[in-house]
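Source file: upload_34.tsv (TSV, C-alpha atoms and all ligand atoms)
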chain	number	residue	atom	x	y	z
J	1	MET	CA	-27.01	79.14	132.13
J	2	VAL	CA	-24.62	82.04	132.48
J	3	PHE	CA	-27.16	84.58	131.28
J	4	GLY	CA	-30.25	83.14	132.96
J	5	HIS	CA	-33.15	81.22	131.44
J	6	PRO	CA	-33.19	81.25	127.59
J	7	ASP	CA	-36.78	82.61	127.58
J	8	LYS	CA	-35.56	85.66	129.44
J	9	PHE	CA	-32.41	86.16	127.37
J	10	TYR	CA	-33.83	89.02	125.30
J	11	ARG	CA	-36.71	91.43	125.31
J	12	ILE	CA	-38.03	93.74	122.56
J	13	LEU	CA	-37.97	97.28	123.89
J	14	GLU	CA	-40.56	99.99	123.48
J	15	PRO	CA	-39.00	103.13	121.90
J	16	LYS	CA	-40.04	105.11	124.99
J	17	GLU	CA	-37.63	102.93	127.02
J	18	TYR	CA	-34.60	104.30	125.18
J	19	GLU	CA	-35.77	107.55	123.58
J	20	ASN	CA	-33.98	109.66	126.22
J	21	GLU	CA	-30.64	108.00	125.52
J	22	VAL	CA	-30.74	107.22	121.82
J	23	ASN	CA	-31.59	109.03	118.61
J	24	ILE	CA	-34.60	106.82	117.86
J	25	GLY	CA	-34.72	108.09	114.27
J	26	ASN	CA	-31.68	105.83	113.65
J	27	VAL	CA	-33.19	102.72	115.24
J	28	VAL	CA	-35.60	100.25	113.63
J	29	LEU	CA	-35.83	97.90	116.62
J	30	GLY	CA	-34.38	98.00	120.15
J	31	ILE	CA	-33.57	94.72	121.91
J	32	GLU	CA	-32.37	94.26	125.48
J	33	THR	CA	-30.24	91.16	126.17
J	34	ALA	CA	-29.04	89.59	129.40
J	35	GLU	CA	-25.38	89.70	128.29
J	36	HIS	CA	-22.75	91.14	130.60
J	37	LEU	CA	-19.41	92.75	129.93
J	38	LEU	CA	-16.45	90.71	131.09
J	39	ASN	CA	-13.75	92.53	133.01
J	40	TRP	CA	-10.96	91.61	130.59
J	41	LYS	CA	-8.22	93.43	132.50
J	42	LYS	CA	-8.96	91.38	135.62
J	43	PHE	CA	-9.30	88.20	133.58
J	44	GLN	CA	-5.97	88.92	131.84
J	45	ALA	CA	-4.26	89.54	135.19
J	46	HIS	CA	-5.65	86.23	136.48
J	47	LEU	CA	-4.41	84.29	133.42
J	48	GLU	CA	-0.99	85.95	133.63
J	49	CYS	CA	-0.74	85.00	137.27
J	50	CYS	CA	-1.64	81.34	136.47
J	51	VAL	CA	0.91	81.14	133.65
J	52	LYS	CA	3.71	82.85	135.56
J	53	SER	CA	3.27	80.73	138.67
J	54	HIS	CA	3.13	77.41	136.79
J	55	GLU	CA	6.21	75.36	137.66
J	56	ASN	CA	6.66	74.02	134.10
J	57	ILE	CA	6.44	77.38	132.38
J	58	SER	CA	9.09	80.08	132.00
J	59	VAL	CA	7.95	83.47	130.81
J	60	TYR	CA	10.21	85.85	128.88
J	61	GLU	CA	8.79	89.36	128.57
J	62	ARG	CA	9.90	91.98	126.05
J	63	ALA	CA	10.99	89.13	123.78
J	64	GLU	CA	10.27	89.81	120.11
J	65	LEU	CA	10.32	86.80	117.84
J	66	ALA	CA	12.15	88.17	114.78
J	67	GLY	CA	11.95	84.99	112.72
J	68	ALA	CA	12.34	81.24	112.71
J	69	GLU	CA	14.28	78.64	110.73
J	70	ARG	CA	13.46	75.07	109.94
J	71	LEU	CA	16.49	72.90	110.65
J	72	HIS	CA	16.42	70.38	107.84
J	73	GLY	CA	18.75	67.49	108.58
J	74	ASP	CA	19.30	68.46	112.24
J	75	THR	CA	18.83	65.33	114.32
J	76	GLU	CA	18.42	67.24	117.61
J	77	HIS	CA	15.84	69.93	116.83
J	78	ARG	CA	13.38	70.87	114.14
J	79	PHE	CA	13.40	74.65	114.59
J	80	LYS	CA	15.55	77.61	115.57
J	81	LEU	CA	13.78	80.71	116.86
J	82	ASN	CA	15.51	84.11	116.68
J	83	PHE	CA	14.59	86.55	119.43
J	84	ASN	CA	15.30	90.21	120.11
J	85	LEU	CA	15.31	90.62	123.89
J	86	GLU	CA	14.80	94.12	125.23
J	87	MET	CA	16.93	94.68	128.33
J	88	LYS	CA	15.95	96.91	131.27
J	89	ASN	CA	18.43	99.58	130.09
J	90	GLY	CA	16.75	99.64	126.65
J	91	THR	CA	19.47	97.76	124.75
J	92	VAL	CA	18.45	94.83	122.58
J	93	HIS	CA	20.15	91.42	122.74
J	94	HIS	CA	19.75	88.74	120.11
J	95	SER	CA	19.08	85.27	121.36
J	96	THR	CA	18.15	81.94	119.81
J	97	VAL	CA	16.09	79.04	121.07
J	98	HIS	CA	16.19	75.58	119.53
J	99	SER	CA	13.07	73.51	119.77
J	100	ASP	CA	11.12	70.59	118.40
J	101	TYR	CA	7.64	72.03	119.00
J	102	VAL	CA	6.30	75.54	118.41
J	103	VAL	CA	2.84	77.00	118.88
J	104	ASN	CA	2.83	80.25	116.94
J	105	SER	CA	0.28	82.57	118.60
J	106	THR	CA	1.60	85.90	117.34
J	107	TRP	CA	-1.77	86.86	115.74
J	108	HIS	CA	-1.08	89.39	112.96
J	109	GLU	CA	2.55	88.17	112.77
J	110	ILE	CA	1.65	84.47	112.38
J	111	GLU	CA	1.97	84.34	108.60
J	112	LYS	CA	5.19	86.38	108.61
J	113	ILE	CA	6.81	84.07	111.18
J	114	ASN	CA	5.46	80.97	109.41
J	115	GLY	CA	6.92	82.28	106.15
J	116	SER	CA	10.34	82.78	107.75
J	117	ALA	CA	10.16	79.19	109.03
J	118	GLY	CA	9.61	77.94	105.50
J	119	PHE	CA	5.85	77.42	105.53
J	120	SER	CA	5.09	79.98	102.80
J	121	GLN	CA	3.31	77.29	100.80
J	122	ASN	CA	0.75	76.98	103.63
J	123	LEU	CA	-0.14	80.68	103.76
J	124	ILE	CA	-3.91	81.20	103.90
J	125	SER	CA	-6.11	84.01	102.65
J	126	ARG	CA	-6.97	86.22	105.60
J	127	THR	CA	-7.51	89.89	106.36
J	128	ASN	CA	-5.90	91.86	109.15
J	129	ARG	CA	-8.17	94.79	110.05
J	130	LEU	CA	-6.73	97.58	112.18
J	131	LYS	CA	-9.36	99.01	114.55
J	132	VAL	CA	-9.36	101.74	117.14
J	133	LEU	CA	-11.60	102.18	120.17
J	134	LEU	CA	-12.08	105.53	121.87
J	135	HIS	CA	-11.81	105.56	125.66
J	136	VAL	CA	-13.87	108.38	127.23
J	137	ARG	CA	-14.84	109.72	130.63
J	138	LEU	CA	-18.62	109.90	130.73
J	139	PRO	CA	-20.59	113.01	131.70
J	140	ASP	CA	-22.72	112.46	134.85
J	141	SER	CA	-25.82	112.25	132.66
J	142	MET	CA	-24.44	109.05	131.06
J	143	LEU	CA	-23.07	107.18	134.07
J	144	ASN	CA	-25.96	104.68	134.11
J	145	PHE	CA	-26.44	104.34	130.37
J	146	HIS	CA	-26.68	100.76	129.16
J	147	SER	CA	-23.96	99.40	126.90
J	148	MET	CA	-25.26	99.52	123.35
J	149	PHE	CA	-24.42	97.94	120.04
J	150	PHE	CA	-25.97	99.44	116.91
J	151	CYS	CA	-26.15	96.79	114.23
J	152	ILE	CA	-26.52	95.59	111.47
J	153	GLY	CA	-24.33	97.88	109.41
J	154	ALA	CA	-21.19	99.88	109.75
J	155	PHE	CA	-22.57	101.68	112.82
J	156	CYS	CA	-21.54	102.19	116.43
J	157	MET	CA	-20.81	100.55	119.79
J	158	PHE	CA	-20.83	101.87	123.35
J	159	SER	CA	-19.50	99.82	126.30
J	160	ASN	CA	-20.10	101.37	129.70
J	161	LEU	CA	-17.18	100.04	131.78
J	162	GLY	CA	-18.94	100.90	135.03
J	163	ASP	CA	-16.10	103.04	136.39
J	164	GLY	CA	-17.28	106.32	134.91
J	165	THR	CA	-15.58	105.58	131.60
J	166	ALA	CA	-16.62	103.86	128.37
J	167	LEU	CA	-15.21	102.45	125.15
J	168	VAL	CA	-16.78	103.76	121.97
J	169	SER	CA	-16.49	102.82	118.32
J	170	TYR	CA	-17.95	104.33	115.19
J	171	ALA	CA	-17.39	101.85	112.40
J	172	PRO	CA	-16.60	104.24	109.50
J	173	VAL	CA	-13.76	105.77	111.57
J	174	THR	CA	-12.89	102.83	113.86
J	175	ASN	CA	-11.93	100.55	110.96
J	176	ILE	CA	-8.70	102.27	109.97
J	177	ASN	CA	-7.38	99.91	107.32
J	178	MET	CA	-7.29	96.31	106.25
J	179	SER	CA	-4.76	94.20	104.44
J	180	THR	CA	-4.32	90.67	103.14
J	181	GLU	CA	-0.52	91.08	102.94
J	182	VAL	CA	1.68	88.62	104.87
J	183	SER	CA	3.06	91.44	107.06
J	184	VAL	CA	1.07	94.40	108.35
J	185	SER	CA	2.22	97.81	107.09
J	186	THR	CA	4.78	99.92	108.94
J	187	ASP	CA	2.07	102.49	109.62
J	188	THR	CA	-0.14	99.84	111.24
J	189	LEU	CA	2.79	98.61	113.35
J	190	ARG	CA	3.53	102.19	114.41
J	191	LEU	CA	-0.05	102.76	115.56
J	192	LEU	CA	-0.04	99.45	117.44
J	193	THR	CA	3.29	99.95	119.17
J	194	GLU	CA	3.96	103.70	119.41
J	195	GLY	CA	0.42	105.08	119.09
J	196	PRO	CA	-0.87	107.96	116.94
J	197	SER	CA	0.56	111.44	116.38
J	198	GLU	CA	-1.31	114.30	118.07
J	199	LYS	CA	-2.99	115.21	114.79
J	200	GLU	CA	-4.08	111.61	114.13
J	201	SER	CA	-5.29	111.34	117.70
J	202	ILE	CA	-7.51	114.43	117.45
J	203	CYS	CA	-8.84	113.39	114.05
J	204	LEU	CA	-9.74	109.82	115.18
J	205	SER	CA	-11.17	110.88	118.56
J	206	ASP	CA	-13.32	113.64	117.05
J	207	GLY	CA	-14.48	111.36	114.23
J	208	ILE	CA	-15.56	108.58	116.60
J	209	ARG	CA	-17.18	110.87	119.14
J	210	ARG	CA	-19.07	112.86	116.53
J	211	GLY	CA	-20.15	109.71	114.67
J	212	ALA	CA	-21.31	107.96	117.85
J	213	ALA	CA	-23.23	111.11	118.84
J	214	THR	CA	-25.49	110.61	115.81
J	215	PHE	CA	-26.75	107.53	117.73
J	216	ILE	CA	-26.19	108.63	121.35
J	217	PRO	CA	-26.26	112.47	121.38
J	218	GLU	CA	-24.96	112.87	124.98
J	219	ILE	CA	-21.64	111.36	123.96
J	220	GLU	CA	-20.63	114.75	122.51
J	221	LYS	CA	-20.08	115.77	126.18
J	222	ALA	CA	-17.72	112.87	126.95
J	223	GLU	CA	-14.09	113.67	127.68
J	224	VAL	CA	-11.51	111.90	125.51
J	225	LEU	CA	-9.07	109.77	127.55
J	226	GLY	CA	-7.26	107.83	124.85
J	227	LEU	CA	-7.33	105.49	121.88
J	228	ASN	CA	-6.81	101.71	121.92
J	229	PHE	CA	-5.57	100.08	118.72
J	230	GLY	CA	-5.86	96.40	117.84
J	231	ILE	CA	-6.22	94.00	114.94
J	232	VAL	CA	-9.16	91.80	114.10
J	233	GLN	CA	-8.38	88.90	111.82
J	234	THR	CA	-10.79	87.22	109.42
J	235	LEU	CA	-10.33	84.33	107.04
J	236	GLY	CA	-10.74	85.48	103.43
J	237	THR	CA	-11.55	89.04	102.50
J	238	VAL	CA	-13.74	91.62	104.24
J	239	ASN	CA	-16.46	93.94	102.97
J	240	LEU	CA	-17.61	96.10	105.87
J	241	HIS	CA	-20.73	97.27	104.08
J	242	ASP	CA	-21.99	93.87	102.91
J	243	VAL	CA	-24.34	92.24	105.44
J	244	ASN	CA	-23.68	88.89	103.78
J	245	SER	CA	-19.90	89.15	104.11
J	246	PRO	CA	-18.75	86.09	106.11
J	247	PHE	CA	-16.46	88.30	108.16
J	248	HIS	CA	-19.45	89.31	110.34
J	249	LYS	CA	-19.55	85.80	111.82
J	250	ARG	CA	-15.98	84.61	112.47
J	251	ALA	CA	-17.62	81.40	113.71
J	252	TYR	CA	-14.58	79.22	113.19
J	253	PHE	CA	-11.31	78.33	114.88
J	254	GLY	CA	-8.14	79.28	113.05
J	255	VAL	CA	-5.88	76.69	114.69
J	256	ARG	CA	-3.92	74.56	112.22
J	257	SER	CA	-0.96	72.26	112.10
J	258	GLU	CA	1.59	73.47	109.53
J	259	SER	CA	3.93	70.48	109.78
J	260	ALA	CA	5.21	68.06	112.41
J	261	GLY	CA	5.91	70.16	115.50
J	262	TRP	CA	4.54	73.52	114.28
J	263	ILE	CA	1.03	74.77	115.09
J	264	SER	CA	-0.50	78.13	114.12
J	265	ASN	CA	-2.87	79.38	116.81
J	266	PRO	CA	-4.84	82.55	116.00
J	267	CYS	CA	-7.73	83.09	118.44
J	268	MET	CA	-10.42	84.41	116.06
J	269	LYS	CA	-12.46	85.72	119.02
J	270	LEU	CA	-11.34	86.21	122.59
J	271	LEU	CA	-14.09	83.94	123.83
J	272	TYR	CA	-12.76	81.05	121.71
J	273	LEU	CA	-9.64	80.80	123.86
J	274	LEU	CA	-10.65	77.61	125.67
J	275	GLU	CA	-11.54	75.76	122.48
J	276	ASN	CA	-8.33	77.02	120.87
J	277	GLY	CA	-6.38	75.64	123.81
J	278	ASP	CA	-8.12	72.27	123.48
J	279	ILE	CA	-7.46	72.02	119.74
J	280	VAL	CA	-3.80	72.98	120.23
J	281	LYS	CA	-3.49	70.39	123.00
J	282	THR	CA	-4.96	67.65	120.78
J	283	LEU	CA	-2.75	68.53	117.80
J	284	TRP	CA	0.24	68.77	120.09
J	285	ARG	CA	-0.36	65.43	121.82
J	286	ASN	CA	-0.72	63.78	118.45
J	287	SER	CA	2.73	64.88	117.42
J	288	LEU	CA	4.51	64.82	120.78
J	289	LYS	CA	8.02	63.39	120.61
J	290	LYS	CA	10.47	64.43	123.30
J	291	ILE	CA	11.16	68.11	123.91
J	292	VAL	CA	8.24	70.45	124.38
J	293	THR	CA	8.45	74.13	123.53
J	294	CYS	CA	5.48	76.38	123.20
J	295	GLU	CA	4.78	80.05	122.95
J	296	ILE	CA	1.83	81.75	124.50
J	297	ARG	CA	0.89	85.30	123.67
J	298	SER	CA	-1.39	86.89	126.16
J	299	GLY	CA	-3.10	90.28	126.20
J	300	TRP	CA	-1.11	93.03	124.62
J	301	LEU	CA	2.25	92.08	126.10
J	302	PRO	CA	4.59	89.74	124.31
J	303	TYR	CA	5.27	86.56	126.25
J	304	THR	CA	7.34	83.64	125.24
J	305	VAL	CA	6.64	80.53	127.21
J	306	ILE	CA	9.25	77.83	126.98
J	401	LIG	C1	-11.16	96.71	118.77
J	401	LIG	C2	-11.33	95.24	118.95
J	401	LIG	C3	-12.47	94.75	119.55
J	401	LIG	C4	-12.64	93.37	119.73
J	401	LIG	N1	-13.76	92.94	120.35
J	401	LIG	C5	-13.92	91.62	120.59
J	401	LIG	C6	-15.07	91.16	121.29
J	401	LIG	O1	-15.93	91.93	121.71
J	401	LIG	N2	-15.20	89.82	121.50
J	401	LIG	C7	-14.26	88.93	121.06
J	401	LIG	O2	-14.41	87.73	121.31
J	401	LIG	N3	-13.15	89.35	120.39
J	401	LIG	C8	-12.97	90.67	120.14
J	401	LIG	N4	-11.86	91.11	119.46
J	401	LIG	C9	-10.94	90.11	118.87
J	401	LIG	C10	-9.92	89.63	119.84
J	401	LIG	O3	-9.24	90.72	120.42
J	401	LIG	C11	-8.92	88.68	119.13
J	401	LIG	O4	-9.65	87.65	118.53
J	401	LIG	C12	-7.91	88.10	120.11
J	401	LIG	O5	-7.24	89.11	120.83
J	401	LIG	C13	-6.85	87.28	119.41
J	401	LIG	O6	-6.11	86.63	120.42
J	401	LIG	P1	-4.64	86.12	120.14
J	401	LIG	O7	-4.09	85.62	121.45
J	401	LIG	O8	-4.63	85.17	118.98
J	401	LIG	O9	-3.85	87.42	119.67
J	401	LIG	P2	-3.46	88.74	120.58
J	401	LIG	O10	-4.41	88.91	121.71
J	401	LIG	O11	-3.29	89.84	119.60
J	401	LIG	O12	-2.05	88.29	121.14
J	401	LIG	C14	-0.93	88.19	120.28
J	401	LIG	C15	0.29	88.55	121.10
J	401	LIG	O13	1.46	88.23	120.34
J	401	LIG	C16	2.40	89.25	120.52
J	401	LIG	N5	3.27	89.25	119.33
J	401	LIG	C17	2.93	89.49	118.05
J	401	LIG	N6	4.01	89.37	117.25
J	401	LIG	C18	5.05	89.02	118.05
J	401	LIG	C19	6.43	88.76	117.83
J	401	LIG	N7	6.97	88.80	116.59
J	401	LIG	N8	7.21	88.45	118.88
J	401	LIG	C20	6.71	88.40	120.15
J	401	LIG	N9	5.40	88.65	120.43
J	401	LIG	C21	4.59	88.96	119.38
J	401	LIG	C22	1.58	90.53	120.64
J	401	LIG	O14	2.32	91.50	121.34
J	401	LIG	C23	0.39	90.03	121.45
J	401	LIG	O15	0.63	90.15	122.82
J	401	LIG	C24	-11.65	92.47	119.28
J	401	LIG	C25	-10.49	92.97	118.69
J	401	LIG	C26	-10.33	94.34	118.53
J	401	LIG	C27	-9.06	94.86	117.90
The structure given in the file should be rewritten as structure tokens.
Ligand SMILES: Cc1cc2nc3c(=O)[nH]c(=O)nc-3n(C[C@H](O)[C@H](O)[C@H](O)COP(=O)(O)OP(=O)(O)OC[C@H]3O[C@@H](n4cnc5c(N)ncnc54)[C@H](O)[C@@H]3O)c2cc1C
Amino acid sequence: MVFGHPDKFYRILEPKEYENEVNIGNVVLGIETAEHLLNWKKFQAHLECCVKSHENISVYERAELAGAERLHGDTEHRFKLNFNLEMKNGTVHHSTVHSDYVVNSTWHEIEKINGSAGFSQNLISRTNRLKVLLHVRLPDSMLNFHSMFFCIGAFCMFSNLGDGTALVSYAPVTNINMSTEVSVSTDTLRLLTEGPSEKESICLSDGIRRGAATFIPEIEKAEVLGLNFGIVQTLGTVNLHDVNSPFHKRAYFGVRSESAGWISNPCMKLLYLLENGDIVKTLWRNSLKKIVTCEIRSGWLPYTVI
């Protein structure tokens, strides 16, 4: 029981318990839960340390997988992976890896890489949704505010990180775009890798802060620290404003075997990572032959694990 006894997991709040923090005109019902925020940065550092210190794993950082080929008729290996390796001096070297087994965990790039490896016929319907979170320094008056999630609708989220800062979203601004294309757009890639222009940054930060302030007025006083971009993936299509849209749940694992030796491994929610690992392991064991090559993508840094 991570969150205590089930009977104590949630409590209906009286409006007077949150009227000083929240615009109660926007709230039908307030519920307190026993959930806690996980310190993802610490957790990520721990996982990285485990992977990097494992004697059977080699980690290649700054290694972009540009594409893959299926080696029909090759008796030694099933696949060739083409990498762009970024050197310390900034130059890029091309490198190839031959392998019999691949776990493709490149998230929004999975379908693109699968397509290059000749699995276009397996492509599934899914939506890549680019989101942005606003990182703010809290005014003193907000240091002890609870984390809050305003649902059900395209509303707002506030995560108090406990170090004087918080992450904030305001759904109408936070959800920047979505696409069912095989590859994400160049604009999306730019925001993910290079970040926004100054004008975009001001526009997004102001939009999120102002929108969130309609729920938590004090947030207008928060100081903008930065914007964090990322992609949420959903099977099928997404309608943000439809409460019945299945995208709200994402209660499924996206792991699938594309062919002998090739597994696609999108982690539909961070907290599914253990189950994803188990499913990959089972699929992998079932098709294990001789050489083992896998790729693990962790956090926001590209890792290739061979
Ligand atoms: C704003 C936001 C809030 C979220 N909130 C939650 C939440 O509260 N709870 C929850 O459970 N989930 C949440 N998620 C979803 C969660 O982040 C994802 O489900 C999860 O990160 C997917 O894990 P992954 O390992 O499959 O992909 P990622 O974590 O995206 O890892 C993929 C890795 O592959 C690398 N990569 C991609 N292409 C290549 C390539 N060609 N070559 C080399 N490397 C490549 C990337 O650099 C990245 O490091 C949120 C997502 C966003 C964007």
Practice problem: Could you give me, as a PyMOL selection string, the residues that sit within 6 Å of (-17.1, 100.9, 118.4) in the file's coordinates, counting all atoms listed in the file? | Solution: chain J and resi 133+156-157+168-170
Practice problem: Kindly give the distance, in Å, that separates CA of Ser264 (chain J) and CA of Leu38 (chain J), rounded to a single decimal. | Solution: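 Interatomic distance here is 26.5 Å.
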Exercise. Measuring atom to atom with only C-alpha atoms, identify which of J:Ala34, J:Ala166, J:Asp187, J:Ile24 is nearest to Met1 (chain J).
Key: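 Once distances to Met1 (chain J) are computed over only C-alpha atoms, the minimum belongs to J:Ala34.
Counting all atoms listed in the file and comparing J:Phe3, J:Glu21, J:Val232, J:Tyr272, the residue that lies closest to Asn144 (chain J) is J:Glu21.
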Quiz prompt | Point-to-point distance in Å for CA of Gly230 (chain J) and atom C2 of ligand LIG 401 (chain J) | solution =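 Taking atom C2 of ligand LIG 401 (chain J) and CA of Gly230 (chain J), their separation equals 5.7 Å.
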Repaired coordinates for region 21-38 of chain J (N, CA and C atoms) as a short mmCIF file (atom, residue, chain, number, x, y, z; two decimals), keeping the file's coordinate frame:
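Writing the result to result-v9.cif gives the following:
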data_model
loop_
_atom_site.label_atom_id
_atom_site.label_comp_id
_atom_site.auth_asym_id
_atom_site.auth_seq_id
_atom_site.Cartn_x
_atom_site.Cartn_y
_atom_site.Cartn_z
N GLU J 21 -32.07 108.27 125.66
CA GLU J 21 -30.64 108.00 125.52
C GLU J 21 -30.19 107.97 124.06
N VAL J 22 -31.12 107.52 123.20
CA VAL J 22 -30.74 107.22 121.82
C VAL J 22 -31.54 108.05 120.84
N ASN J 23 -30.89 108.38 119.70
CA ASN J 23 -31.59 109.03 118.61
C ASN J 23 -32.48 107.98 117.94
N ILE J 24 -33.75 107.94 118.31
CA ILE J 24 -34.60 106.82 117.86
C ILE J 24 -34.85 106.87 116.35
N GLY J 25 -34.58 108.00 115.74
CA GLY J 25 -34.72 108.09 114.27
C GLY J 25 -33.77 107.14 113.56
N ASN J 26 -32.68 106.72 114.26
CA ASN J 26 -31.68 105.83 113.65
C ASN J 26 -31.92 104.37 114.00
N VAL J 27 -33.01 104.09 114.74
CA VAL J 27 -33.19 102.72 115.24
C VAL J 27 -34.50 102.12 114.72
N VAL J 28 -34.40 100.94 114.13
CA VAL J 28 -35.60 100.25 113.63
C VAL J 28 -36.22 99.44 114.77
N LEU J 29 -35.34 98.78 115.54
CA LEU J 29 -35.83 97.90 116.62
C LEU J 29 -34.80 97.89 117.75
N GLY J 30 -35.29 98.06 118.99
CA GLY J 30 -34.38 98.00 120.15
C GLY J 30 -34.58 96.69 120.90
N ILE J 31 -33.49 96.00 121.20
CA ILE J 31 -33.57 94.72 121.91
C ILE J 31 -32.66 94.78 123.13
N GLU J 32 -33.20 94.35 124.27
CA GLU J 32 -32.37 94.26 125.48
C GLU J 32 -31.95 92.80 125.65
N THR J 33 -30.67 92.54 125.92
CA THR J 33 -30.24 91.16 126.17
C THR J 33 -29.66 91.06 127.58
N ALA J 34 -29.54 89.81 128.04
CA ALA J 34 -29.04 89.59 129.40
C ALA J 34 -27.51 89.46 129.43
N GLU J 35 -26.85 89.84 128.32
CA GLU J 35 -25.38 89.70 128.29
C GLU J 35 -24.72 90.66 129.28
N HIS J 36 -23.52 90.27 129.70
CA HIS J 36 -22.75 91.14 130.60
C HIS J 36 -21.39 91.39 129.99
N LEU J 37 -20.78 92.52 130.36
CA LEU J 37 -19.41 92.75 129.93
C LEU J 37 -18.47 91.98 130.85
N LEU J 38 -17.44 91.39 130.27
CA LEU J 38 -16.45 90.71 131.09
C LEU J 38 -15.36 91.72 131.43
#
